[in-house]
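Text of final.txt (compact mmCIF, C-alpha atoms) as supplied:
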# COMPACT_ATOMS: atom_id res chain seq x y z
CA MET P 55 -21.06 9.15 -14.76
CA ARG P 56 -21.91 5.93 -12.90
CA VAL P 57 -19.86 5.39 -9.74
CA GLY P 58 -19.58 2.88 -6.93
CA VAL P 59 -17.83 2.58 -3.56
CA ILE P 60 -15.89 -0.49 -2.43
CA GLY P 61 -15.56 -0.60 1.35
CA THR P 62 -18.08 0.75 3.85
CA GLY P 63 -15.90 1.72 6.81
CA ASN P 64 -15.46 5.32 7.99
CA MET P 65 -13.71 6.52 4.83
CA GLY P 66 -15.97 4.51 2.54
CA GLU P 67 -19.02 6.10 4.16
CA ASN P 68 -17.49 9.54 3.60
CA HIS P 69 -17.15 8.73 -0.12
CA ILE P 70 -20.74 7.46 -0.26
CA ARG P 71 -22.13 10.58 1.40
CA THR P 72 -20.05 12.86 -0.84
CA TYR P 73 -20.96 11.11 -4.11
CA LEU P 74 -24.65 11.34 -3.16
CA SER P 75 -24.26 15.12 -2.77
CA MET P 76 -22.66 15.35 -6.25
CA TYR P 77 -25.77 14.41 -8.27
CA ASP P 78 -24.85 17.01 -10.93
CA HIS P 79 -21.59 15.15 -11.58
CA CYS P 80 -22.39 11.46 -11.07
CA GLN P 81 -24.85 8.77 -10.09
CA LEU P 82 -23.95 6.49 -7.19
CA ILE P 83 -25.02 3.06 -8.47
CA GLY P 84 -24.19 1.07 -5.35
CA ILE P 85 -21.68 -0.28 -2.88
CA TYR P 86 -19.78 -3.49 -2.13
CA ASP P 87 -18.18 -4.82 1.04
CA LYS P 88 -17.35 -8.43 1.90
CA ASP P 89 -18.73 -7.66 5.38
CA THR P 90 -22.40 -8.16 4.52
CA ILE P 91 -23.71 -6.82 7.83
CA LYS P 92 -21.81 -3.56 7.52
CA ARG P 93 -22.63 -3.30 3.78
CA ASP P 94 -26.37 -3.78 4.27
CA LYS P 95 -26.47 -1.38 7.22
CA ILE P 96 -24.85 1.40 5.16
CA ALA P 97 -27.02 0.59 2.13
CA LYS P 98 -30.16 0.96 4.24
CA LYS P 99 -28.89 4.15 5.90
CA TYR P 100 -28.33 5.90 2.55
CA ASN P 101 -30.99 4.06 0.53
CA ILE P 102 -28.50 2.72 -2.03
CA LYS P 103 -28.07 -0.68 -3.64
CA PRO P 104 -25.77 -3.22 -1.92
CA PHE P 105 -24.03 -5.53 -4.40
CA SER P 106 -23.41 -9.14 -3.34
CA SER P 107 -20.40 -9.46 -5.67
CA LEU P 108 -17.54 -7.12 -6.57
CA ASN P 109 -17.77 -8.16 -10.22
CA TYR P 110 -21.51 -7.42 -10.29
CA LEU P 111 -20.81 -3.85 -9.10
CA LEU P 112 -17.96 -3.34 -11.57
CA LYS P 113 -20.16 -4.34 -14.51
CA GLU P 114 -22.55 -1.49 -13.64
CA VAL P 115 -20.14 1.43 -13.10
CA ASP P 116 -17.55 3.58 -14.86
CA ALA P 117 -15.51 4.42 -11.76
CA VAL P 118 -15.10 3.43 -8.12
CA SER P 119 -13.60 4.64 -4.88
CA ILE P 120 -11.65 1.87 -3.13
CA ALA P 121 -11.73 2.41 0.63
CA VAL P 122 -10.78 -1.00 2.00
CA PRO P 123 -7.70 -1.96 4.08
CA THR P 124 -4.47 -1.41 2.14
CA GLU P 125 -3.61 -5.11 1.84
CA PHE P 126 -6.61 -5.57 -0.48
CA HIS P 127 -5.90 -2.58 -2.78
CA TYR P 128 -3.72 -4.49 -5.25
CA ASP P 129 -6.08 -7.41 -5.85
CA ILE P 130 -9.15 -5.16 -6.14
CA GLY P 131 -7.22 -2.80 -8.40
CA LEU P 132 -6.39 -5.67 -10.76
CA ILE P 133 -10.07 -6.65 -10.95
CA CYS P 134 -11.01 -3.03 -11.72
CA ILE P 135 -8.47 -2.98 -14.56
CA GLN P 136 -9.87 -6.25 -15.95
CA ASN P 137 -13.32 -4.61 -15.98
CA ASN P 138 -12.03 -1.28 -17.42
CA VAL P 139 -13.23 0.62 -14.37
CA HIS P 140 -11.36 3.78 -13.30
CA MET P 141 -10.39 3.93 -9.64
CA LEU P 142 -9.58 6.26 -6.80
CA LEU P 143 -7.40 4.29 -4.39
CA GLU P 144 -7.34 5.53 -0.81
CA LYS P 145 -3.88 5.97 0.68
CA PRO P 146 -1.51 4.20 0.98
CA MET P 147 -1.82 3.19 -2.65
CA THR P 148 -0.76 -0.44 -2.06
CA SER P 149 1.20 -2.48 0.47
CA THR P 150 4.38 -2.55 -1.63
CA VAL P 151 6.04 -0.44 -4.30
CA GLU P 152 6.14 -3.48 -6.61
CA GLN P 153 2.35 -3.79 -6.41
CA ALA P 154 1.91 -0.08 -7.13
CA GLU P 155 4.23 -0.23 -10.14
CA ASP P 156 2.36 -3.25 -11.51
CA LEU P 157 -1.01 -1.50 -11.15
CA ILE P 158 0.30 1.61 -12.90
CA TYR P 159 1.74 -0.44 -15.78
CA LYS P 160 -1.41 -2.54 -16.27
CA SER P 161 -3.82 0.39 -15.88
CA SER P 162 -1.86 2.41 -18.43
CA LYS P 163 -2.06 -0.42 -20.96
CA ALA P 164 -5.81 -0.75 -20.36
CA GLY P 165 -6.50 3.01 -20.45
CA VAL P 166 -7.75 2.95 -16.84
CA ILE P 167 -7.16 6.02 -14.67
CA ILE P 168 -5.76 5.61 -11.14
CA GLN P 169 -5.93 8.52 -8.73
CA VAL P 170 -4.52 8.17 -5.22
CA GLY P 171 -6.55 9.53 -2.31
CA HIS P 172 -4.11 12.05 -0.88
CA ILE P 173 -6.94 14.28 0.30
CA GLU P 174 -4.87 17.00 2.00
CA LEU P 175 -3.62 18.17 -1.40
CA PHE P 176 -7.22 19.27 -2.06
CA ASN P 177 -7.48 21.12 1.24
CA PRO P 178 -7.94 24.90 0.65
CA LEU P 179 -5.74 25.60 3.68
CA ILE P 180 -2.83 23.69 2.12
CA HIS P 181 -3.32 25.59 -1.15
CA GLU P 182 -3.18 28.88 0.78
CA LEU P 183 -0.06 27.74 2.64
CA LEU P 184 1.68 26.80 -0.61
CA LYS P 185 0.96 30.27 -2.00
CA LEU P 186 2.30 31.94 1.15
CA ILE P 187 5.66 30.16 1.06
CA LYS P 188 6.22 30.35 -2.69
CA ASN P 189 9.70 31.80 -3.35
CA LYS P 190 10.42 31.94 0.41
CA LYS P 191 13.76 30.76 1.77
CA ILE P 192 12.72 27.95 4.14
CA ILE P 193 14.96 27.01 7.06
CA GLY P 194 12.86 24.34 8.77
CA ILE P 195 9.48 22.60 8.72
CA GLU P 196 7.77 20.73 11.54
CA PHE P 197 4.64 18.60 11.20
CA GLN P 198 2.52 17.24 14.06
CA ARG P 199 -0.37 14.87 13.40
CA MET P 200 -1.66 13.12 16.50
CA GLY P 201 -4.84 11.77 18.01
CA PRO P 202 -6.29 9.53 20.73
CA TYR P 203 -6.16 5.75 20.40
CA ASN P 204 -9.26 3.69 19.62
CA LYS P 205 -9.93 0.02 18.88
CA ARG P 206 -10.05 0.59 15.11
CA LEU P 207 -6.31 1.44 15.22
CA GLU P 208 -5.24 -1.84 16.85
CA ASN P 209 -3.45 -3.22 13.76
CA VAL P 210 -2.73 0.13 12.07
CA ASP P 211 0.75 1.60 11.54
CA VAL P 212 0.69 5.31 12.40
CA VAL P 213 3.28 6.03 9.68
CA ASN P 214 1.00 4.66 6.94
CA ASP P 215 -2.19 6.06 8.42
CA LEU P 216 -1.26 9.54 9.69
CA MET P 217 2.30 10.50 8.83
CA ILE P 218 1.77 9.72 5.14
CA HIS P 219 -0.50 12.79 4.89
CA ASP P 220 2.33 15.07 5.94
CA ILE P 221 4.83 13.26 3.75
CA TYR P 222 2.94 14.09 0.57
CA ILE P 223 2.28 17.65 1.77
CA LEU P 224 6.03 17.91 2.35
CA GLN P 225 6.75 16.57 -1.12
CA GLU P 226 4.41 19.19 -2.56
CA ILE P 227 6.12 21.97 -0.58
CA LEU P 228 9.70 21.00 -1.37
CA GLN P 229 9.56 19.31 -4.77
CA ASP P 230 12.80 17.89 -3.46
CA THR P 231 14.51 14.73 -2.24
CA PHE P 232 15.91 13.88 1.17
CA ILE P 233 19.59 13.27 1.77
CA ASP P 234 19.32 12.03 5.34
CA ILE P 235 16.50 10.42 7.33
CA GLN P 236 16.50 9.32 10.97
CA ALA P 237 13.38 7.60 12.32
CA LEU P 238 12.41 6.58 15.83
CA GLY P 239 9.21 4.98 16.99
CA LYS P 240 7.25 3.16 19.63
CA ILE P 241 5.85 -0.26 18.68
CA MET P 242 2.77 -1.40 20.59
CA ASP P 243 0.66 -4.48 19.89
CA GLY P 244 2.95 -5.30 16.96
CA THR P 245 2.56 -2.03 15.04
CA ILE P 246 4.05 1.47 15.19
CA LYS P 247 1.81 3.72 17.27
CA HIS P 248 4.16 6.70 17.74
CA ALA P 249 6.80 7.89 15.25
CA VAL P 250 9.21 10.79 14.90
CA VAL P 251 11.32 11.52 11.81
CA ILE P 252 14.16 13.99 11.42
CA ALA P 253 15.29 14.65 7.84
CA ALA P 254 17.28 17.06 5.71
CA SER P 255 16.55 17.97 2.11
CA THR P 256 18.99 18.66 -0.70
CA LYS P 257 18.09 22.33 -0.21
CA GLU P 258 19.42 22.09 3.38
CA ILE P 259 15.95 22.38 4.92
CA ILE P 260 15.60 20.62 8.29
CA ILE P 261 12.36 18.65 8.66
CA GLN P 262 10.65 17.03 11.61
CA LEU P 263 7.53 14.87 11.41
CA SER P 264 5.68 13.51 14.44
CA ALA P 265 2.68 11.18 14.29
CA SER P 266 0.97 9.40 17.15
CA PHE P 267 -2.09 7.40 18.15
CA LYS P 268 -1.27 8.04 21.82
CA SER P 269 -2.11 11.72 22.21
CA GLN P 270 -4.99 12.81 24.44
CA ASN P 271 -5.71 15.66 22.04
CA LYS P 272 -6.19 15.70 18.29
CA VAL P 273 -3.41 17.77 16.69
CA ARG P 274 -2.89 18.75 13.03
CA THR P 275 -0.27 21.48 12.64
CA ILE P 276 2.45 22.55 10.20
CA GLN P 277 5.09 25.05 11.34
CA ILE P 278 7.38 26.63 8.78
CA LEU P 279 10.36 28.81 9.65
CA THR P 280 11.60 31.04 6.83
CA GLU P 281 14.34 33.66 6.80
CA ASP P 282 11.82 36.43 7.49
CA ALA P 283 8.74 34.81 9.07
CA PHE P 284 7.27 32.04 11.23
CA ILE P 285 4.17 30.45 9.72
CA GLU P 286 1.88 28.05 11.57
CA ALA P 287 -1.01 26.28 9.87
CA ASN P 288 -3.65 24.67 12.09
CA LEU P 289 -5.64 22.25 9.96
CA LEU P 290 -8.29 21.72 12.64
CA LYS P 291 -8.95 25.43 13.21
CA LYS P 292 -8.57 26.08 9.46
CA GLU P 293 -6.30 29.05 10.07
CA ILE P 294 -2.76 30.17 9.28
CA LYS P 295 -0.79 32.51 11.57
CA ILE P 296 2.08 34.54 10.14
CA GLN P 297 4.58 36.30 12.38
CA SER P 298 7.42 38.52 11.20
CA SER P 299 9.49 41.33 12.68
CA ILE P 300 7.06 43.91 11.29
CA PHE P 301 3.61 42.30 11.51
CA THR P 302 1.47 39.46 12.82
CA LYS P 303 -1.68 38.30 11.07
CA THR P 304 -4.08 35.36 10.99
CA LEU P 305 -5.73 34.02 7.86
CA THR P 306 -8.94 31.99 8.13
CA VAL P 307 -9.76 29.58 5.31
CA ASP P 308 -13.33 29.04 4.07
CA ASP P 309 -14.56 25.88 5.81
CA SER P 310 -17.52 25.40 3.47
CA ILE P 311 -15.20 23.83 0.90
CA GLN P 312 -14.97 20.08 1.51
CA PRO P 313 -11.63 18.59 0.38
CA LEU P 314 -13.19 15.19 -0.38
CA GLN P 315 -15.73 16.74 -2.73
CA VAL P 316 -12.96 18.69 -4.49
CA GLN P 317 -10.92 15.49 -4.77
CA LEU P 318 -13.80 13.41 -6.17
CA THR P 319 -14.73 16.17 -8.63
CA ASP P 320 -11.12 16.22 -9.82
CA PHE P 321 -11.17 12.41 -10.17
CA LEU P 322 -14.35 12.44 -12.27
CA ASN P 323 -13.05 15.29 -14.44
CA CYS P 324 -9.86 13.35 -15.14
CA ILE P 325 -11.99 10.52 -16.49
CA ARG P 326 -14.38 12.80 -18.38
CA PHE P 327 -11.63 14.83 -20.06
CA LYS P 328 -9.04 12.02 -20.28
CA LYS P 329 -6.35 13.92 -18.38
CA GLU P 330 -3.64 13.01 -15.87
CA PRO P 331 -4.91 12.91 -12.25
CA SER P 332 -3.73 15.64 -9.90
CA VAL P 333 -2.41 12.88 -7.63
CA SER P 334 -1.20 10.14 -9.96
CA GLY P 335 -0.03 6.64 -9.19
CA ASN P 336 3.56 7.85 -9.46
CA GLU P 337 2.90 10.41 -6.72
CA GLY P 338 1.42 7.61 -4.64
CA ILE P 339 4.62 5.60 -5.11
CA LYS P 340 6.79 8.50 -3.90
CA ALA P 341 4.85 8.67 -0.63
CA LEU P 342 4.86 4.87 -0.31
CA LEU P 343 8.63 4.69 -0.74
CA MET P 344 9.08 7.17 2.10
CA THR P 345 6.59 5.58 4.53
CA ASN P 346 8.01 2.12 3.90
CA LYS P 347 11.55 3.37 4.52
CA ILE P 348 10.52 5.03 7.78
CA SER P 349 8.59 2.00 9.06
CA GLU P 350 11.40 -0.39 8.12
CA GLU P 351 13.94 1.71 10.02
CA ILE P 352 11.76 1.80 13.13
CA TYR P 353 11.08 -1.95 13.08
CA LYS P 354 14.80 -2.66 12.48
CA LYS P 355 15.81 -0.62 15.53
CA GLU P 356 13.17 -2.34 17.65
CA HIS P 357 14.45 -5.82 16.77
CA LYS P 358 18.16 -5.14 17.22

Take the structure I supplied and represent it as structure tokens, if you would.
Amino acid sequence: MRVGVIGTGNMGENHIRTYLSMYDHCQLIGIYDKDTIKRDKIAKKYNIKPFSSLNYLLKEVDAVSIAVPTEFHYDIGLICIQNNVHMLLEKPMTSTVEQAEDLIYKSSKAGVIIQVGHIELFNPLIHELLKLIKNKKIIGIEFQRMGPYNKRLENVDVVNDLMIHDIYILQEILQDTFIDIQALGKIMDGTIKHAVVIAASTKEIIIQLSASFKSQNKVRTIQILTEDAFIEANLLKKEIKIQSSIFTKTLTVDDSIQPLQVQLTDFLNCIRFKKEPSVSGNEGIKALLMTNKISEEIYKKEHK
């Protein structure tokens, strides 16, 4: 299958490197970025063709990864649909729910597959965690996803960039809706850089999510309290600790499995076998609805 990558930032480069390693599954035809300096630098680094026009690239490929800033997802998605090119859209899917719904409607009519890049759902550690808590009575869940600030994050909302990962993990865990959400945040340089959410589900599970660009340390943890155990997943150490009244054990997950490669393989198989993506556009909308609601509440409180 012939593939391309649109966007040559950090995530775009990850897609490029991963597609190149998947020569049994696909052929990376080339890349496009409106930033010609960045595009040509990456093209030279990986010895791949840089396309001077988005339409030129789309005429040569069957599928693309779109790894550009979110505000461009909708317009690029429409052009992909016009060219009958399947797409993996990095998260968040689009800037607004209306844009996402329009892309889903138009892609469905055109027979174009959209998969949303919620990479953590392809993480072996998350799969192991989901198996561990299956049929468990959960009391509470706490997520922490934090990291140091850098210049790239100047105009980035931490809710859309970091917290969204935990929101779709949470949706996968609960398969549930929320009856109450309280959000607080710290706005710096015009965007949310630190956010905390407290929520309750219809199953009476208490949830806390924290995301920050202001931490000195990188943190990626999920803590789950059940009626008979305390479970802590550390995504950076790739381990899960389980403590109960009768035992304590630590599970280590195989770190040779790369979630992005699993995700891209799934994307290509959806196209090849004409099946529904594991993370569909509708799943992308669910996460987008939640992140938008959280951000709106934080901005509203700030401007009172």

Can you tell me, as a list in words, what residues are no more than 12 Å from Glu152 (chain P) when counting only C-alpha atoms, ignoring any on the same chain fewer than 2 positions away? Tyr128, Met147, Thr148, Ser149, Thr150, Ala154, Glu155, Asp156, Leu157, Ile158, Tyr159, Asn336, Ile339, Leu342 and Leu343 of chain P

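Taking CA of Pro104 (chain P) and CA of Gln153 (chain P) as endpoints, the distance between them is 28.5 Å.
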
Starting from the point (-16.2, 14.1, -5.5), work out which residues of protein, DNA or RNA have an atom no more than 9 Å away when counting all atoms listed in the file; state them as JSON, numbers by chain. {"P": [69, 72, 73, 75, 76, 79, 80, 313, 314, 315, 316, 317, 318, 319, 320, 321, 322]}

Enter the distance from CA of Ile193 (chain P) to CA of Val212 (chain P), in Å, rounded to one decimal. 26.5 Å

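Between CA of Gln312 (chain P) and CA of Ala121 (chain P) lies a distance of 18.0 Å.
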
The residues within 12 Å of (-18.4, 0.1, 0.7), using all atoms listed in the file and the coordinates of the file, should be reported as a ChimeraX atom specification; which are they? /P:57-71,82-97,100,102-108,111,118-123

For region 323-334 of chain P, supply all heavy atoms and report the output as a PDB file, keeping the file's coordinate frame.
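Writing done, so here's out26.pdb:
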ATOM      1  N   ASN P 323     -13.451  14.460 -13.293  1.00  0.00           N
ATOM      2  CA  ASN P 323     -13.050  15.290 -14.440  1.00  0.00           C
ATOM      3  C   ASN P 323     -11.875  14.685 -15.192  1.00  0.00           C
ATOM      4  O   ASN P 323     -11.773  14.827 -16.419  1.00  0.00           O
ATOM      5  CB  ASN P 323     -12.703  16.706 -13.969  1.00  0.00           C
ATOM      6  CG  ASN P 323     -13.939  17.530 -13.655  1.00  0.00           C
ATOM      7  OD1 ASN P 323     -15.030  17.226 -14.142  1.00  0.00           O
ATOM      8  ND2 ASN P 323     -13.775  18.565 -12.843  1.00  0.00           N
ATOM      9  N   CYS P 324     -10.985  14.025 -14.476  1.00  0.00           N
ATOM     10  CA  CYS P 324      -9.860  13.350 -15.140  1.00  0.00           C
ATOM     11  C   CYS P 324     -10.374  12.275 -16.089  1.00  0.00           C
ATOM     12  O   CYS P 324      -9.844  12.096 -17.191  1.00  0.00           O
ATOM     13  CB  CYS P 324      -8.938  12.691 -14.107  1.00  0.00           C
ATOM     14  SG  CYS P 324      -7.961  13.871 -13.176  1.00  0.00           S
ATOM     15  N   ILE P 325     -11.393  11.566 -15.650  1.00  0.00           N
ATOM     16  CA  ILE P 325     -11.990  10.520 -16.490  1.00  0.00           C
ATOM     17  C   ILE P 325     -12.736  11.156 -17.669  1.00  0.00           C
ATOM     18  O   ILE P 325     -12.566  10.761 -18.819  1.00  0.00           O
ATOM     19  CB  ILE P 325     -12.964   9.660 -15.661  1.00  0.00           C
ATOM     20  CG1 ILE P 325     -12.221   8.977 -14.513  1.00  0.00           C
ATOM     21  CG2 ILE P 325     -13.653   8.620 -16.542  1.00  0.00           C
ATOM     22  CD1 ILE P 325     -13.126   8.400 -13.444  1.00  0.00           C
ATOM     23  N   ARG P 326     -13.532  12.161 -17.355  1.00  0.00           N
ATOM     24  CA  ARG P 326     -14.380  12.800 -18.380  1.00  0.00           C
ATOM     25  C   ARG P 326     -13.550  13.449 -19.476  1.00  0.00           C
ATOM     26  O   ARG P 326     -13.875  13.344 -20.662  1.00  0.00           O
ATOM     27  CB  ARG P 326     -15.269  13.839 -17.690  1.00  0.00           C
ATOM     28  CG  ARG P 326     -16.353  14.419 -18.570  1.00  0.00           C
ATOM     29  CD  ARG P 326     -17.332  15.264 -17.765  1.00  0.00           C
ATOM     30  NE  ARG P 326     -18.230  14.440 -16.963  1.00  0.00           N
ATOM     31  CZ  ARG P 326     -18.276  14.455 -15.633  1.00  0.00           C
ATOM     32  NH1 ARG P 326     -17.472  15.242 -14.937  1.00  0.00           N
ATOM     33  NH2 ARG P 326     -19.131  13.689 -14.997  1.00  0.00           N
ATOM     34  N   PHE P 327     -12.451  14.097 -19.082  1.00  0.00           N
ATOM     35  CA  PHE P 327     -11.630  14.830 -20.060  1.00  0.00           C
ATOM     36  C   PHE P 327     -10.331  14.126 -20.416  1.00  0.00           C
ATOM     37  O   PHE P 327      -9.466  14.701 -21.067  1.00  0.00           O
ATOM     38  CB  PHE P 327     -11.344  16.241 -19.515  1.00  0.00           C
ATOM     39  CG  PHE P 327     -12.587  17.043 -19.243  1.00  0.00           C
ATOM     40  CD1 PHE P 327     -12.936  17.387 -17.944  1.00  0.00           C
ATOM     41  CD2 PHE P 327     -13.432  17.418 -20.277  1.00  0.00           C
ATOM     42  CE1 PHE P 327     -14.094  18.112 -17.687  1.00  0.00           C
ATOM     43  CE2 PHE P 327     -14.592  18.153 -20.039  1.00  0.00           C
ATOM     44  CZ  PHE P 327     -14.926  18.493 -18.734  1.00  0.00           C
ATOM     45  N   LYS P 328     -10.209  12.859 -19.934  1.00  0.00           N
ATOM     46  CA  LYS P 328      -9.040  12.020 -20.280  1.00  0.00           C
ATOM     47  C   LYS P 328      -7.716  12.739 -19.986  1.00  0.00           C
ATOM     48  O   LYS P 328      -6.857  12.871 -20.851  1.00  0.00           O
ATOM     49  CB  LYS P 328      -9.105  11.586 -21.745  1.00  0.00           C
ATOM     50  CG  LYS P 328     -10.294  10.690 -22.069  1.00  0.00           C
ATOM     51  CD  LYS P 328     -10.292  10.276 -23.531  1.00  0.00           C
ATOM     52  CE  LYS P 328     -11.362   9.240 -23.821  1.00  0.00           C
ATOM     53  NZ  LYS P 328     -12.732   9.731 -23.534  1.00  0.00           N
ATOM     54  N   LYS P 329      -7.577  13.217 -18.748  1.00  0.00           N
ATOM     55  CA  LYS P 329      -6.350  13.920 -18.380  1.00  0.00           C
ATOM     56  C   LYS P 329      -5.676  13.245 -17.188  1.00  0.00           C
ATOM     57  O   LYS P 329      -6.293  12.435 -16.483  1.00  0.00           O
ATOM     58  CB  LYS P 329      -6.634  15.390 -18.066  1.00  0.00           C
ATOM     59  CG  LYS P 329      -7.542  15.617 -16.871  1.00  0.00           C
ATOM     60  CD  LYS P 329      -7.699  17.097 -16.588  1.00  0.00           C
ATOM     61  CE  LYS P 329      -8.482  17.320 -15.297  1.00  0.00           C
ATOM     62  NZ  LYS P 329      -8.562  18.738 -14.930  1.00  0.00           N
ATOM     63  N   GLU P 330      -4.420  13.588 -16.970  1.00  0.00           N
ATOM     64  CA  GLU P 330      -3.640  13.010 -15.870  1.00  0.00           C
ATOM     65  C   GLU P 330      -4.225  13.464 -14.528  1.00  0.00           C
ATOM     66  O   GLU P 330      -4.520  14.636 -14.327  1.00  0.00           O
ATOM     67  CB  GLU P 330      -2.179  13.485 -15.982  1.00  0.00           C
ATOM     68  CG  GLU P 330      -1.263  13.001 -14.884  1.00  0.00           C
ATOM     69  CD  GLU P 330      -0.787  11.574 -15.076  1.00  0.00           C
ATOM     70  OE1 GLU P 330      -1.095  10.966 -16.124  1.00  0.00           O
ATOM     71  OE2 GLU P 330      -0.091  11.074 -14.192  1.00  0.00           O
ATOM     72  N   PRO P 331      -4.391  12.536 -13.572  1.00  0.00           N
ATOM     73  CA  PRO P 331      -4.910  12.910 -12.250  1.00  0.00           C
ATOM     74  C   PRO P 331      -3.977  13.887 -11.532  1.00  0.00           C
ATOM     75  O   PRO P 331      -2.759  13.861 -11.734  1.00  0.00           O
ATOM     76  CB  PRO P 331      -4.969  11.579 -11.501  1.00  0.00           C
ATOM     77  CG  PRO P 331      -4.965  10.529 -12.552  1.00  0.00           C
ATOM     78  CD  PRO P 331      -4.169  11.088 -13.699  1.00  0.00           C
ATOM     79  N   SER P 332      -4.542  14.721 -10.687  1.00  0.00           N
ATOM     80  CA  SER P 332      -3.730  15.640  -9.900  1.00  0.00           C
ATOM     81  C   SER P 332      -2.788  14.880  -8.974  1.00  0.00           C
ATOM     82  O   SER P 332      -1.668  15.314  -8.705  1.00  0.00           O
ATOM     83  CB  SER P 332      -4.632  16.563  -9.063  1.00  0.00           C
ATOM     84  OG  SER P 332      -5.434  17.355  -9.913  1.00  0.00           O
ATOM     85  N   VAL P 333      -3.262  13.752  -8.454  1.00  0.00           N
ATOM     86  CA  VAL P 333      -2.410  12.880  -7.630  1.00  0.00           C
ATOM     87  C   VAL P 333      -2.351  11.526  -8.327  1.00  0.00           C
ATOM     88  O   VAL P 333      -3.222  10.683  -8.167  1.00  0.00           O
ATOM     89  CB  VAL P 333      -2.951  12.732  -6.198  1.00  0.00           C
ATOM     90  CG1 VAL P 333      -1.947  11.952  -5.340  1.00  0.00           C
ATOM     91  CG2 VAL P 333      -3.230  14.091  -5.576  1.00  0.00           C
ATOM     92  N   SER P 334      -1.326  11.343  -9.134  1.00  0.00           N
ATOM     93  CA  SER P 334      -1.200  10.140  -9.960  1.00  0.00           C
ATOM     94  C   SER P 334      -0.640   8.972  -9.160  1.00  0.00           C
ATOM     95  O   SER P 334      -0.206   9.115  -8.019  1.00  0.00           O
ATOM     96  CB  SER P 334      -0.256  10.432 -11.141  1.00  0.00           C
ATOM     97  OG  SER P 334       1.065  10.642 -10.656  1.00  0.00           O
TER      98      SER P 334
END
